[in-house]
Each structure stands twice: as structure tokens, then as C-alpha cells.
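Visitor: See work_6.txt below, with compact mmCIF, C-alpha atoms.
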```txt
# COMPACT_ATOMS: atom_id res chain seq x y z
CA MET A 1 -80.12 -28.01 7.36
CA ASP A 2 -76.37 -28.03 7.21
CA ARG A 3 -76.42 -24.95 5.05
CA ARG A 4 -78.71 -23.08 7.44
CA ARG A 5 -76.58 -23.96 10.45
CA PHE A 6 -73.45 -23.09 8.53
CA VAL A 7 -74.83 -19.65 7.75
CA ILE A 8 -75.64 -19.11 11.43
CA ALA A 9 -72.13 -20.15 12.45
CA ALA A 10 -70.54 -17.96 9.79
CA SER A 11 -72.67 -15.01 10.89
CA LEU A 12 -71.61 -15.50 14.49
CA VAL A 13 -67.96 -15.55 13.45
CA ALA A 14 -68.42 -12.44 11.32
CA ALA A 15 -70.23 -10.62 14.15
CA ALA A 16 -67.51 -11.55 16.64
CA LEU A 17 -64.80 -10.35 14.29
CA ALA A 18 -66.66 -7.15 13.43
CA VAL A 19 -66.51 -5.75 16.96
CA PRO A 20 -62.73 -5.33 17.32
CA GLU A 21 -62.52 -4.27 13.66
CA ALA A 22 -64.89 -1.34 14.19
CA GLY A 23 -63.02 -0.32 17.36
CA ALA A 24 -59.66 -0.48 15.60
CA GLN A 25 -60.88 1.98 12.96
CA ALA A 26 -62.03 4.57 15.48
CA LEU A 27 -59.03 4.56 17.85
CA PRO A 28 -55.37 3.51 17.79
CA ALA A 29 -54.54 0.11 19.26
CA ASN A 30 -52.81 1.74 22.24
CA LYS A 31 -55.26 3.34 24.62
CA LEU A 32 -54.39 4.59 28.11
CA ILE A 33 -56.73 5.90 30.78
CA MET A 34 -54.86 7.72 33.56
CA GLN A 35 -56.17 8.52 37.02
CA VAL A 36 -55.31 11.57 39.09
CA SER A 37 -56.96 11.34 42.50
CA ASP A 38 -54.32 12.91 44.76
CA ASN A 39 -54.10 16.59 45.70
CA ASP A 40 -50.37 16.44 45.07
CA PRO A 41 -48.66 18.59 42.39
CA ALA A 42 -45.80 16.06 42.23
CA LYS A 43 -48.31 13.40 41.15
CA TRP A 44 -49.80 15.76 38.59
CA SER A 45 -46.35 16.38 37.18
CA LEU A 46 -45.63 12.65 37.08
CA ALA A 47 -48.91 11.99 35.26
CA LEU A 48 -48.12 14.65 32.66
CA ASN A 49 -44.57 13.31 32.26
CA ASN A 50 -46.01 9.82 31.78
CA ALA A 51 -48.38 10.98 29.06
CA LYS A 52 -45.56 12.84 27.29
CA ASN A 53 -43.22 9.84 27.44
CA VAL A 54 -45.86 7.50 26.04
CA GLN A 55 -46.50 9.87 23.14
CA ALA A 56 -42.75 10.28 22.52
CA ASP A 57 -42.21 6.53 22.53
CA LEU A 58 -45.15 5.44 20.38
CA GLY A 59 -45.92 8.58 18.38
CA ALA A 60 -48.81 10.78 19.52
CA GLN A 61 -51.02 9.59 16.66
CA ASN A 62 -50.58 5.97 17.69
CA VAL A 63 -51.93 6.20 21.23
CA ALA A 64 -55.11 7.59 22.77
CA ILE A 65 -54.53 9.07 26.24
CA GLU A 66 -57.16 10.36 28.63
CA ILE A 67 -56.46 11.81 32.08
CA VAL A 68 -59.35 11.69 34.57
CA ALA A 69 -59.11 13.93 37.63
CA TYR A 70 -61.47 13.20 40.50
CA GLY A 71 -61.73 13.41 44.28
CA PRO A 72 -58.76 15.25 45.83
CA GLY A 73 -57.14 15.14 42.36
CA LEU A 74 -59.72 17.56 40.95
CA ALA A 75 -57.51 20.46 42.11
CA MET A 76 -55.19 19.64 39.21
CA LEU A 77 -57.79 21.07 36.83
CA LYS A 78 -58.90 24.17 38.73
CA ALA A 79 -58.27 27.52 37.08
CA ASP A 80 -55.50 28.32 39.57
CA SER A 81 -53.71 24.96 39.15
CA VAL A 82 -49.91 25.12 39.24
CA ALA A 83 -50.00 22.60 36.37
CA ALA A 84 -52.14 24.83 34.12
CA ASN A 85 -49.47 25.47 31.48
CA ARG A 86 -48.44 21.84 31.22
CA ILE A 87 -52.08 20.71 30.99
CA ALA A 88 -52.66 23.12 28.10
CA GLU A 89 -49.53 21.71 26.46
CA ALA A 90 -50.76 18.12 26.93
CA MET A 91 -54.18 18.97 25.48
CA GLY A 92 -52.45 20.64 22.54
CA ALA A 93 -50.54 17.39 21.98
CA GLY A 94 -53.79 15.42 21.80
CA VAL A 95 -54.21 14.23 25.39
CA LYS A 96 -57.83 14.34 26.53
CA VAL A 97 -58.24 15.80 30.03
CA VAL A 98 -61.52 15.44 31.91
CA ALA A 99 -62.88 16.42 35.32
CA CYS A 100 -65.42 14.51 37.44
CA GLU A 101 -68.69 16.41 37.84
CA ASN A 102 -69.64 14.42 40.95
CA THR A 103 -66.51 15.75 42.65
CA MET A 104 -67.29 19.28 41.49
CA THR A 105 -70.76 19.04 43.03
CA ASN A 106 -69.33 17.74 46.31
CA GLN A 107 -66.71 20.48 46.41
CA LYS A 108 -69.23 23.16 45.25
CA ILE A 109 -67.09 24.03 42.24
CA ALA A 110 -68.51 25.34 38.95
CA LYS A 111 -67.11 25.03 35.44
CA ASP A 112 -66.15 28.72 35.64
CA ASP A 113 -63.68 27.75 38.36
CA MET A 114 -62.00 25.18 36.10
CA LEU A 115 -59.32 25.40 33.42
CA ALA A 116 -60.56 26.34 29.95
CA GLY A 117 -60.68 23.64 27.31
CA ILE A 118 -60.98 20.58 29.54
CA GLY A 119 -63.77 18.02 29.22
CA TYR A 120 -66.20 16.72 31.80
CA VAL A 121 -67.61 13.32 32.77
CA LYS A 122 -70.48 12.69 35.16
CA ALA A 123 -68.55 10.20 37.33
CA GLY A 124 -64.79 9.90 37.01
CA VAL A 125 -64.68 6.37 38.40
CA VAL A 126 -67.34 5.15 35.97
CA GLU A 127 -65.30 6.65 33.13
CA ILE A 128 -62.18 4.79 34.33
CA MET A 129 -64.13 1.54 34.69
CA GLN A 130 -65.85 1.73 31.32
CA LYS A 131 -62.68 2.65 29.46
CA GLN A 132 -60.99 -0.45 30.89
CA GLN A 133 -63.95 -2.56 29.85
CA ALA A 134 -63.54 -1.13 26.33
CA GLY A 135 -59.93 -2.34 26.24
CA TRP A 136 -58.02 0.68 27.53
CA ALA A 137 -55.00 0.08 29.78
CA TYR A 138 -55.17 1.77 33.19
CA LEU A 139 -52.47 3.79 34.87
CA ARG A 140 -52.55 5.32 38.30
CA PRO A 141 -49.31 7.34 38.59
CA MET B 1 -66.19 -35.03 6.00
CA ASP B 2 -67.49 -31.53 5.42
CA ARG B 3 -70.32 -32.23 7.77
CA ARG B 4 -68.03 -33.52 10.50
CA ARG B 5 -65.71 -30.54 10.21
CA PHE B 6 -68.68 -28.22 10.14
CA VAL B 7 -69.98 -29.67 13.39
CA ILE B 8 -66.56 -29.20 14.99
CA ALA B 9 -66.41 -25.58 13.83
CA ALA B 10 -69.96 -24.90 15.01
CA SER B 11 -69.13 -26.45 18.38
CA LEU B 12 -66.08 -24.23 18.74
CA VAL B 13 -68.16 -21.17 17.95
CA ALA B 14 -70.83 -22.25 20.41
CA ALA B 15 -68.22 -22.91 23.11
CA ALA B 16 -66.56 -19.55 22.51
CA LEU B 17 -69.90 -17.79 22.71
CA ALA B 18 -71.00 -19.73 25.77
CA VAL B 19 -68.26 -18.32 28.00
CA PRO B 20 -69.28 -14.64 27.99
CA GLU B 21 -72.94 -15.70 27.90
CA ALA B 22 -72.59 -17.65 31.13
CA GLY B 23 -70.67 -14.79 32.75
CA ALA B 24 -73.31 -12.28 31.74
CA GLN B 25 -76.02 -14.32 33.41
CA ALA B 26 -74.19 -14.54 36.73
CA LEU B 27 -72.93 -10.96 37.03
CA PRO B 28 -73.75 -7.56 35.56
CA ALA B 29 -71.59 -6.33 32.68
CA ASN B 30 -69.99 -3.70 34.92
CA LYS B 31 -67.60 -5.21 37.43
CA LEU B 32 -65.16 -3.23 39.57
CA ILE B 33 -62.47 -4.55 41.89
CA MET B 34 -61.16 -1.85 44.24
CA GLN B 35 -57.91 -1.96 46.18
CA VAL B 36 -57.33 -0.43 49.61
CA SER B 37 -53.69 -0.86 50.61
CA ASP B 38 -53.00 2.39 52.48
CA ASN B 39 -53.42 2.95 56.22
CA ASP B 40 -55.10 6.26 55.48
CA PRO B 41 -58.71 7.00 56.50
CA ALA B 42 -58.92 9.63 53.73
CA LYS B 43 -58.24 6.89 51.18
CA TRP B 44 -60.85 4.64 52.81
CA SER B 45 -63.37 7.44 52.59
CA LEU B 46 -62.48 8.06 48.93
CA ALA B 47 -62.88 4.36 48.13
CA LEU B 48 -66.31 4.27 49.77
CA ASN B 49 -67.34 7.48 47.97
CA ASN B 50 -66.19 5.93 44.68
CA ALA B 51 -68.26 2.80 45.24
CA LYS B 52 -71.32 4.89 46.13
CA ASN B 53 -70.94 7.13 43.07
CA VAL B 54 -70.63 4.15 40.74
CA GLN B 55 -73.77 2.61 42.17
CA ALA B 56 -75.61 5.93 41.96
CA ASP B 57 -74.58 6.43 38.34
CA LEU B 58 -75.23 2.95 37.00
CA GLY B 59 -77.78 1.57 39.44
CA ALA B 60 -76.59 -0.76 42.19
CA GLN B 61 -78.09 -3.79 40.46
CA ASN B 62 -76.12 -3.06 37.29
CA VAL B 63 -72.60 -3.17 38.74
CA ALA B 64 -70.69 -5.64 40.89
CA ILE B 65 -68.25 -3.94 43.26
CA GLU B 66 -65.70 -5.64 45.51
CA ILE B 67 -63.31 -3.83 47.83
CA VAL B 68 -60.15 -5.74 48.81
CA ALA B 69 -58.21 -4.48 51.85
CA TYR B 70 -54.67 -5.77 52.29
CA GLY B 71 -51.28 -4.74 53.66
CA PRO B 72 -51.41 -1.43 55.52
CA GLY B 73 -54.99 -1.05 54.20
CA LEU B 74 -56.23 -3.93 56.35
CA ALA B 75 -56.81 -1.44 59.19
CA MET B 76 -59.86 -0.21 57.27
CA LEU B 77 -61.64 -3.44 58.19
CA LYS B 78 -60.60 -3.84 61.83
CA ALA B 79 -63.37 -3.76 64.42
CA ASP B 80 -62.25 -0.32 65.62
CA SER B 81 -62.11 1.21 62.12
CA VAL B 82 -63.27 4.82 61.85
CA ALA B 83 -64.97 3.77 58.62
CA ALA B 84 -67.05 1.03 60.29
CA ASN B 85 -70.44 2.69 59.79
CA ARG B 86 -69.82 3.53 56.17
CA ILE B 87 -68.54 0.02 55.44
CA ALA B 88 -71.71 -1.46 56.92
CA GLU B 89 -73.70 0.93 54.73
CA ALA B 90 -71.73 -0.10 51.61
CA MET B 91 -72.25 -3.80 52.35
CA GLY B 92 -75.96 -3.12 52.86
CA ALA B 93 -76.00 -1.54 49.40
CA GLY B 94 -74.50 -4.68 47.85
CA VAL B 95 -70.77 -3.89 47.86
CA LYS B 96 -68.67 -6.94 48.71
CA VAL B 97 -65.89 -6.16 51.20
CA VAL B 98 -63.07 -8.64 51.80
CA ALA B 99 -59.91 -8.78 53.92
CA CYS B 100 -56.61 -10.48 53.05
CA GLU B 101 -55.85 -13.43 55.33
CA ASN B 102 -52.13 -13.30 54.49
CA THR B 103 -52.01 -9.79 55.91
CA MET B 104 -53.96 -10.88 58.99
CA THR B 105 -51.43 -13.65 59.62
CA ASN B 106 -48.51 -11.22 59.22
CA GLN B 107 -50.12 -8.70 61.56
CA LYS B 108 -51.25 -11.44 64.02
CA ILE B 109 -54.88 -10.40 63.68
CA ALA B 110 -57.80 -12.82 64.09
CA LYS B 111 -61.29 -12.67 62.57
CA ASP B 112 -62.59 -11.67 66.01
CA ASP B 113 -60.59 -8.46 65.63
CA MET B 114 -62.32 -7.62 62.35
CA LEU B 115 -65.62 -5.98 61.43
CA ALA B 116 -68.63 -8.29 61.39
CA GLY B 117 -70.09 -9.32 58.07
CA ILE B 118 -67.02 -8.88 55.88
CA GLY B 119 -65.61 -11.63 53.68
CA TYR B 120 -62.12 -13.09 53.50
CA VAL B 121 -59.72 -14.10 50.75
CA LYS B 122 -56.48 -16.01 51.21
CA ALA B 123 -54.35 -13.52 49.29
CA GLY B 124 -55.70 -10.07 48.48
CA VAL B 125 -53.35 -9.54 45.55
CA VAL B 126 -54.29 -12.86 43.97
CA GLU B 127 -57.96 -11.85 44.29
CA ILE B 128 -57.24 -8.54 42.54
CA MET B 129 -55.27 -10.29 39.80
CA GLN B 130 -57.82 -13.02 39.16
CA LYS B 131 -60.76 -10.63 39.10
CA GLN B 132 -59.01 -8.58 36.40
CA GLN B 133 -58.35 -11.75 34.43
CA ALA B 134 -62.07 -12.51 34.68
CA GLY B 135 -62.89 -9.15 33.09
CA TRP B 136 -63.29 -6.90 36.11
CA ALA B 137 -62.03 -3.31 35.89
CA TYR B 138 -59.47 -2.33 38.53
CA LEU B 139 -59.47 0.80 40.64
CA ARG B 140 -56.87 1.86 43.15
CA PRO B 141 -58.27 5.04 44.78
CA MET C 1 -69.57 -22.40 -2.63
CA ASP C 2 -70.71 -23.74 0.72
CA ARG C 3 -67.51 -25.65 1.05
CA ARG C 4 -65.36 -22.60 0.28
CA ARG C 5 -67.24 -20.42 2.77
CA PHE C 6 -67.08 -23.20 5.31
CA VAL C 7 -63.31 -23.36 4.98
CA ILE C 8 -63.08 -19.60 5.46
CA ALA C 9 -65.25 -19.76 8.58
CA ALA C 10 -63.28 -22.70 9.97
CA SER C 11 -60.01 -20.84 9.31
CA LEU C 12 -61.30 -17.80 11.16
CA VAL C 13 -62.26 -19.95 14.11
CA ALA C 14 -58.88 -21.67 14.06
CA ALA C 15 -57.06 -18.34 13.85
CA ALA C 16 -59.10 -16.89 16.70
CA LEU C 17 -58.39 -19.94 18.84
CA ALA C 18 -54.69 -19.99 17.93
CA VAL C 19 -53.95 -16.65 19.57
CA PRO C 20 -54.66 -17.54 23.22
CA GLU C 21 -53.22 -21.01 22.59
CA ALA C 22 -49.85 -19.61 21.54
CA GLY C 23 -49.86 -17.23 24.51
CA ALA C 24 -50.70 -20.01 26.92
CA GLN C 25 -47.71 -22.03 25.75
CA ALA C 26 -45.23 -19.21 26.29
CA LEU C 27 -46.45 -17.92 29.66
CA PRO C 28 -48.57 -19.13 32.55
CA ALA C 29 -52.22 -18.05 32.59
CA ASN C 30 -51.57 -15.78 35.57
CA LYS C 31 -49.56 -12.71 34.64
CA LEU C 32 -49.04 -9.69 36.88
CA ILE C 33 -47.38 -6.39 36.03
CA MET C 34 -46.56 -4.36 39.14
CA GLN C 35 -45.80 -0.64 39.25
CA VAL C 36 -43.41 1.06 41.66
CA SER C 37 -43.52 4.82 41.15
CA ASP C 38 -43.12 6.11 44.70
CA ASN C 39 -39.83 6.97 46.41
CA ASP C 40 -41.04 5.17 49.51
CA PRO C 41 -39.25 2.10 50.93
CA ALA C 42 -42.50 1.01 52.61
CA LYS C 43 -44.10 0.78 49.16
CA TRP C 44 -41.11 -1.16 47.83
CA SER C 45 -41.44 -3.60 50.68
CA LEU C 46 -45.18 -3.96 50.08
CA ALA C 47 -44.57 -4.63 46.38
CA LEU C 48 -42.00 -7.32 47.18
CA ASN C 49 -44.33 -8.86 49.78
CA ASN C 50 -47.12 -8.89 47.21
CA ALA C 51 -44.97 -10.69 44.64
CA LYS C 52 -43.90 -13.26 47.24
CA ASN C 53 -47.48 -13.89 48.38
CA VAL C 54 -48.70 -14.38 44.83
CA GLN C 55 -45.94 -16.90 44.15
CA ALA C 56 -46.65 -18.67 47.46
CA ASP C 57 -50.36 -18.88 46.71
CA LEU C 58 -50.23 -19.99 43.07
CA GLY C 59 -46.79 -21.59 42.80
CA ALA C 60 -43.94 -19.57 41.30
CA GLN C 61 -44.06 -21.58 38.07
CA ASN C 62 -47.74 -20.76 37.58
CA VAL C 63 -47.49 -16.98 37.53
CA ALA C 64 -45.37 -14.48 35.62
CA ILE C 65 -44.55 -11.38 37.65
CA GLU C 66 -42.79 -8.25 36.45
CA ILE C 67 -42.03 -5.21 38.60
CA VAL C 68 -41.53 -1.92 36.72
CA ALA C 69 -39.83 0.93 38.61
CA TYR C 70 -40.13 4.41 37.13
CA GLY C 71 -40.29 8.06 38.11
CA PRO C 72 -39.66 8.59 41.82
CA GLY C 73 -39.85 4.78 42.20
CA LEU C 74 -36.60 4.30 40.27
CA ALA C 75 -34.68 4.70 43.55
CA MET C 76 -35.85 1.21 44.48
CA LEU C 77 -33.44 -0.20 41.91
CA LYS C 78 -30.38 1.98 42.51
CA ALA C 79 -27.23 0.24 43.69
CA ASP C 80 -27.61 1.71 47.18
CA SER C 81 -31.29 0.70 47.54
CA VAL C 82 -32.33 -0.44 51.02
CA ALA C 83 -34.35 -3.14 49.24
CA ALA C 84 -31.32 -4.57 47.39
CA ASN C 85 -31.25 -7.91 49.20
CA ARG C 86 -34.96 -8.51 48.83
CA ILE C 87 -34.86 -7.59 45.14
CA ALA C 88 -32.09 -10.11 44.55
CA GLU C 89 -34.20 -12.68 46.38
CA ALA C 90 -37.25 -11.88 44.24
CA MET C 91 -35.24 -12.14 41.02
CA GLY C 92 -33.84 -15.46 42.24
CA ALA C 93 -37.45 -16.63 42.68
CA GLY C 94 -38.28 -15.75 39.08
CA VAL C 95 -39.69 -12.24 39.40
CA LYS C 96 -38.58 -9.99 36.54
CA VAL C 97 -37.47 -6.54 37.71
CA VAL C 98 -37.01 -3.70 35.21
CA ALA C 99 -36.06 -0.02 35.36
CA CYS C 100 -37.31 2.79 33.10
CA GLU C 101 -34.56 4.24 30.93
CA ASN C 102 -36.49 7.48 30.37
CA THR C 103 -36.41 8.09 34.11
CA MET C 104 -32.70 7.26 34.24
CA THR C 105 -32.02 9.85 31.51
CA ASN C 106 -34.07 12.47 33.36
CA GLN C 107 -32.30 11.75 36.64
CA LYS C 108 -28.84 11.47 34.92
CA ILE C 109 -28.37 7.94 36.22
CA ALA C 110 -26.32 5.31 34.38
CA LYS C 111 -26.64 1.52 34.48
CA ASP C 112 -23.48 1.44 36.60
CA ASP C 113 -25.48 3.20 39.32
CA MET C 114 -28.14 0.50 39.28
CA LEU C 115 -28.49 -2.90 40.95
CA ALA C 116 -26.83 -5.76 39.10
CA GLY C 117 -29.03 -8.26 37.28
CA ILE C 118 -32.06 -6.07 36.68
CA GLY C 119 -33.57 -5.50 33.25
CA TYR C 120 -34.34 -2.28 31.42
CA VAL C 121 -37.23 -0.93 29.35
CA LYS C 122 -37.20 2.26 27.30
CA ALA C 123 -40.39 3.66 28.84
CA GLY C 124 -41.82 2.15 32.02
CA VAL C 125 -45.34 3.40 31.37
CA VAL C 126 -45.39 1.95 27.86
CA GLU C 127 -44.29 -1.39 29.31
CA ILE C 128 -47.14 -1.27 31.85
CA MET C 129 -49.64 -0.34 29.14
CA GLN C 130 -48.55 -2.96 26.66
CA LYS C 131 -48.46 -5.74 29.23
CA GLN C 132 -52.08 -4.97 30.14
CA GLN C 133 -53.02 -5.01 26.47
CA ALA C 134 -51.39 -8.46 26.27
CA GLY C 135 -53.65 -9.73 29.06
CA TRP C 136 -51.54 -9.09 32.15
CA ALA C 137 -53.29 -7.94 35.33
CA TYR C 138 -52.04 -4.64 36.77
CA LEU C 139 -51.16 -3.92 40.36
CA ARG C 140 -50.07 -0.64 41.85
CA PRO C 141 -49.21 -1.38 45.48
```
For the structure just supplied, provide its representation as C-alpha cells.

Guide:
Amino acid sequence: MDRRRFVIAASLVAAALAVPEAGAQALPANKLIMQVSDNDPAKWSLALNNAKNVQADLGAQNVAIEIVAYGPGLAMLKADSVAANRIAEAMGAGVKVVACENTMTNQKIAKDDMLAGIGYVKAGVVEIMQKQQAGWAYLRP
Amino acid sequence: MDRRRFVIAASLVAAALAVPEAGAQALPANKLIMQVSDNDPAKWSLALNNAKNVQADLGAQNVAIEIVAYGPGLAMLKADSVAANRIAEAMGAGVKVVACENTMTNQKIAKDDMLAGIGYVKAGVVEIMQKQQAGWAYLRP
Amino acid sequence: MDRRRFVIAASLVAAALAVPEAGAQALPANKLIMQVSDNDPAKWSLALNNAKNVQADLGAQNVAIEIVAYGPGLAMLKADSVAANRIAEAMGAGVKVVACENTMTNQKIAKDDMLAGIGYVKAGVVEIMQKQQAGWAYLRP
């Protein structure tokens, strides 16, 4: 009986330890989800500066960064965005940039109206919530 | 001796596993604490849109959402708030909405001056901090 | 063999339990990292009010609070800041206040231009990210 219960306990320990181990293999330990929800080019610039500084400080390969634009912040990722060049630069440096499809539907905006190369999520807020629950730090510049 | 130490180890494992288990029974896995601290009806509207989108995407029964209004954001929950109808709708859909009593004291506002049906917390910021420490994701629209 | 595997399992449990234990000895259970990134004295005042309310509610010895000023928010910590007196008061009450050196470099500001007694971090955003990853709650007033 002891042996059986020991095996159960050991399996539970192994299962508990396996979860962070698998995550650590797929992504760096530093993970940052950034929110852009203001229609304010100064905020967009700050967000892009923040991402660049984090990569400079930790090394781009040592940190996963994702910028989520939603609500009034969606304008950051439209094809005519004043931040277009810097967003392309950030994506080239490994920053993931995604737009909220719910916001696009509300604002009657199609993917053709958006910057090339960005990603999409169904609901920006759900993305921000789930990333936090998966251990990502949250930044709202 | 082995048996005694085994029982201790097994108890520790069981205790460690019991904590998330108990939490999972009481609340859904998705938990979102939202902050409203701006006296800005556009921000109130964005916060309410965010809550609605999260419920639509995940199913209202699968996510706990609490909106905390404090500081300049307390105005969102006053009886004369322009967002009154939408707040009632959100509460009807299961969103918890609470006001900060510290802010009310500072602004000399009584519960009679507030919307009916909302909840209260002593310190909005402490609520936001403690919810995060209990595993809730944080959103500041 | 059972005994050897038992010892391994017990060691894993002990190691897993040791991590929060060590953290709990060094810092209180409540830990709050606050962001100031707006050049807006009303926001600075709100942040300082928030810190004071948290200390009043939980007891200053029961909560670690750190305010990080970066980007446009760096002005809060300049020598001529309108919040200078209140910042000194907060530091006297145990709140840690730090400025982002990256921002200082960008704005060509030296430590001589800053309030006395504050601390410094190389990159404010990295500080905010790493504190969250160490279990601190995040607040952006």
C-alpha cells in the first residue's frame, strides 16, 4: 500500500514539475504582454520604445514581447498609421504585434485596411487576460 | 521512519494540490479584475465593452469579472452616471461592480449618492492588488 | 529503490516549498509595483494617494510598495517636481521610489537634476516586468 501511494505522490510531483518545464522550453522566462488601447501616437511611441528598451536590456532572444492593439488603440495598426515604420522595425526585431478583430468589426475595418505582417486575435482583452494567466507580465504604457 | 516521512511528503503534496483545486471549484479558471480610475466616460464605455467582449468570447459562466472604480473613476458609479444603464446591464450579466469607500470618504460621497446594486470595498487599490495575488488577471482599459 | 525514489520525491517537495518560504521571509506577502509613465501631476498625486491608502489599510510593515517612474512620467522625480514634498513623505513611510536611467539618458537628465534620496533602475519597464514575475501585483494609476 505504501508503495502504491508513494507512486501516486511521486507522479503528482512529476506532473506538477512538468508543467513549468514544458513552458520554459517553448518560450524564454521573460514574457511581456503590452496593451495599446489609446488613440494617441505618443502612447504608441512609448510602447515601441518600451519594447525596444526591454530587448536591449535583456537581449531580444531572452524575452517574448507581444503588443495587443484594441479599442481606440487599433488605429496604431491601420495601414496609414504614423507608427508604421517603427512597427515594422519592432516586428523585424521579434516583437509580435496583433490587432483585435472584435474592434475591427465594431469599427467596420477589414484586414486590407491594416498594416501588412501583423497578427490577429479574436478578442484583444481575452488575449491579454490569458497571457497573464500563462505567466506573462502585463504592461499598459 | 520511511513510512512517517512518506506520509508527511504525501500530505504536503495533497495540501499543495488542494489549494488550486478549491479555487477552481469556487470560481472559473478565467478571472479578470478591471480598473476604472479616470473621470472619462469614453474609458467607462471601453471598460464595459471589454467586459462584454470577454463574456461573449468565453461564455459568461466561464469567466469572473470585477470592475473596481476608484479615484477620479468613482464618478462612473454615481447615481447620475451617464453609464448607469450599461452598468445595470453588466451587473445583470454577472459582472461584479464595486466602488472604493476611501475615495467616497475623500470626495464626501455617501452610498445614497451611488448607483443601486453596486458593491463596495474599503480600498479599491487593495482589492486590485489582492485579486492579482489570488490569480486574477488585471486590466486597466 | 523505493527509499531512493522516496527521497527524491521528498526533496522535490521540499525544494518546491522552500521557494515561497524564502520569499516570505524577505518581503511581506503583499507586494505592489506601481507605474508612473504620464507627465501629469494629477496622476502623480493619485499614485501617491494609492500608496498611502494601501499602507493605511494593510499596515505599512505588511506591504512592499515600489513606484517606478519612466518615460513622460520621469518628470515626477525631477528636482523641481511639484510632488517633491509628497514623494519625500512616501519614502519616509517606506515606499521605494525609483527612476528609469534609460529615460534619463534619452532626456539628457543627470542624477543631479533628480530628487534626493530616490533610487535608480537601468530600465523601468524591465523592473516592472521582473517584479511581476517575482509575484508582485501591478498597478498603473

Visitor: Enumerate as a compact mmCIF listing (two decimals) with C-alpha atoms, in the frame of the given file the residues belonging to chain B that approach chain C to within 7 Å, with all atoms listed in the file taken into account.

Guide:
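Okay, this is what ended up in out21.txt:
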```
# COMPACT_ATOMS: atom_id res chain seq x y z
CA ALA B 9 -66.41 -25.58 13.83
CA SER B 37 -53.69 -0.86 50.61
CA ALA B 123 -54.35 -13.52 49.29
CA VAL B 125 -53.35 -9.54 45.55
CA VAL B 126 -54.29 -12.86 43.97
CA MET B 129 -55.27 -10.29 39.80
CA GLN B 132 -59.01 -8.58 36.40
CA GLN B 133 -58.35 -11.75 34.43
```

Visitor: Compare C:Met104, C:Ala83, C:Val98, C:Ile109 by their minimum atom-to-atom distance to Gly71 (chain C), counting all atoms listed in the file, and give me the closest one.

Guide: C:Met104

Visitor: CA of Glu89 (chain B) and CA of Lys108 (chain A), how far apart in Å?

Guide: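 Interatomic distance, CA of Lys108 (chain A) to CA of Glu89 (chain B): 24.6 Å.
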
Visitor: Calculate how many Å separate CA of Gln130 (chain A) from CA of Gly124 (chain C), rounding to one decimal.

Guide: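 A separation of 24.0 Å between them.
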
Visitor: Using only C-alpha atoms, determine which residues lie at most 10 Å from Val82 (chain A), disregarding the query and same-chain residues fewer than 6 positions distant; provide the list as an NGL selection string.

Guide: :A and (41 or 44-45 or 75-76)

Visitor: Restricting it to C-alpha atoms, dump the selection as a PDB file, in the coordinates of the input.

Guide:
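out_6.pdb, freshly written:
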```pdb
ATOM      1  CA  PRO A  41     -48.660  18.590  42.390  1.00  0.00           C
ATOM      2  CA  TRP A  44     -49.800  15.760  38.590  1.00  0.00           C
ATOM      3  CA  SER A  45     -46.350  16.380  37.180  1.00  0.00           C
ATOM      4  CA  ALA A  75     -57.510  20.460  42.110  1.00  0.00           C
ATOM      5  CA  MET A  76     -55.190  19.640  39.210  1.00  0.00           C
TER       6      MET A  76
END
```

Visitor: Enter the distance from CA of Arg86 (chain C) to CA of Leu77 (chain B), in Å, rounded to one decimal.

Guide: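 A separation of 28.7 Å between them.
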
Visitor: What lies within 12 Å of Asn85 (chain A) using all atoms listed in the file, ignoring chain neighbours under 6 positions off, as a list of chain:residue names?

Guide: A:Ser45, A:Leu48, A:Met76, A:Leu77, A:Lys78, A:Ala79, A:Met91, A:Gly92, A:Leu115, A:Ala116

Visitor: Show me, as a ChimeraX atom specification, the residues that have an atom within 7 Å of Gly73 (chain B) when counting only C-alpha atoms, minus same-chain residues fewer than 3 positions from it.

Guide: /B:36-39,69-70,76
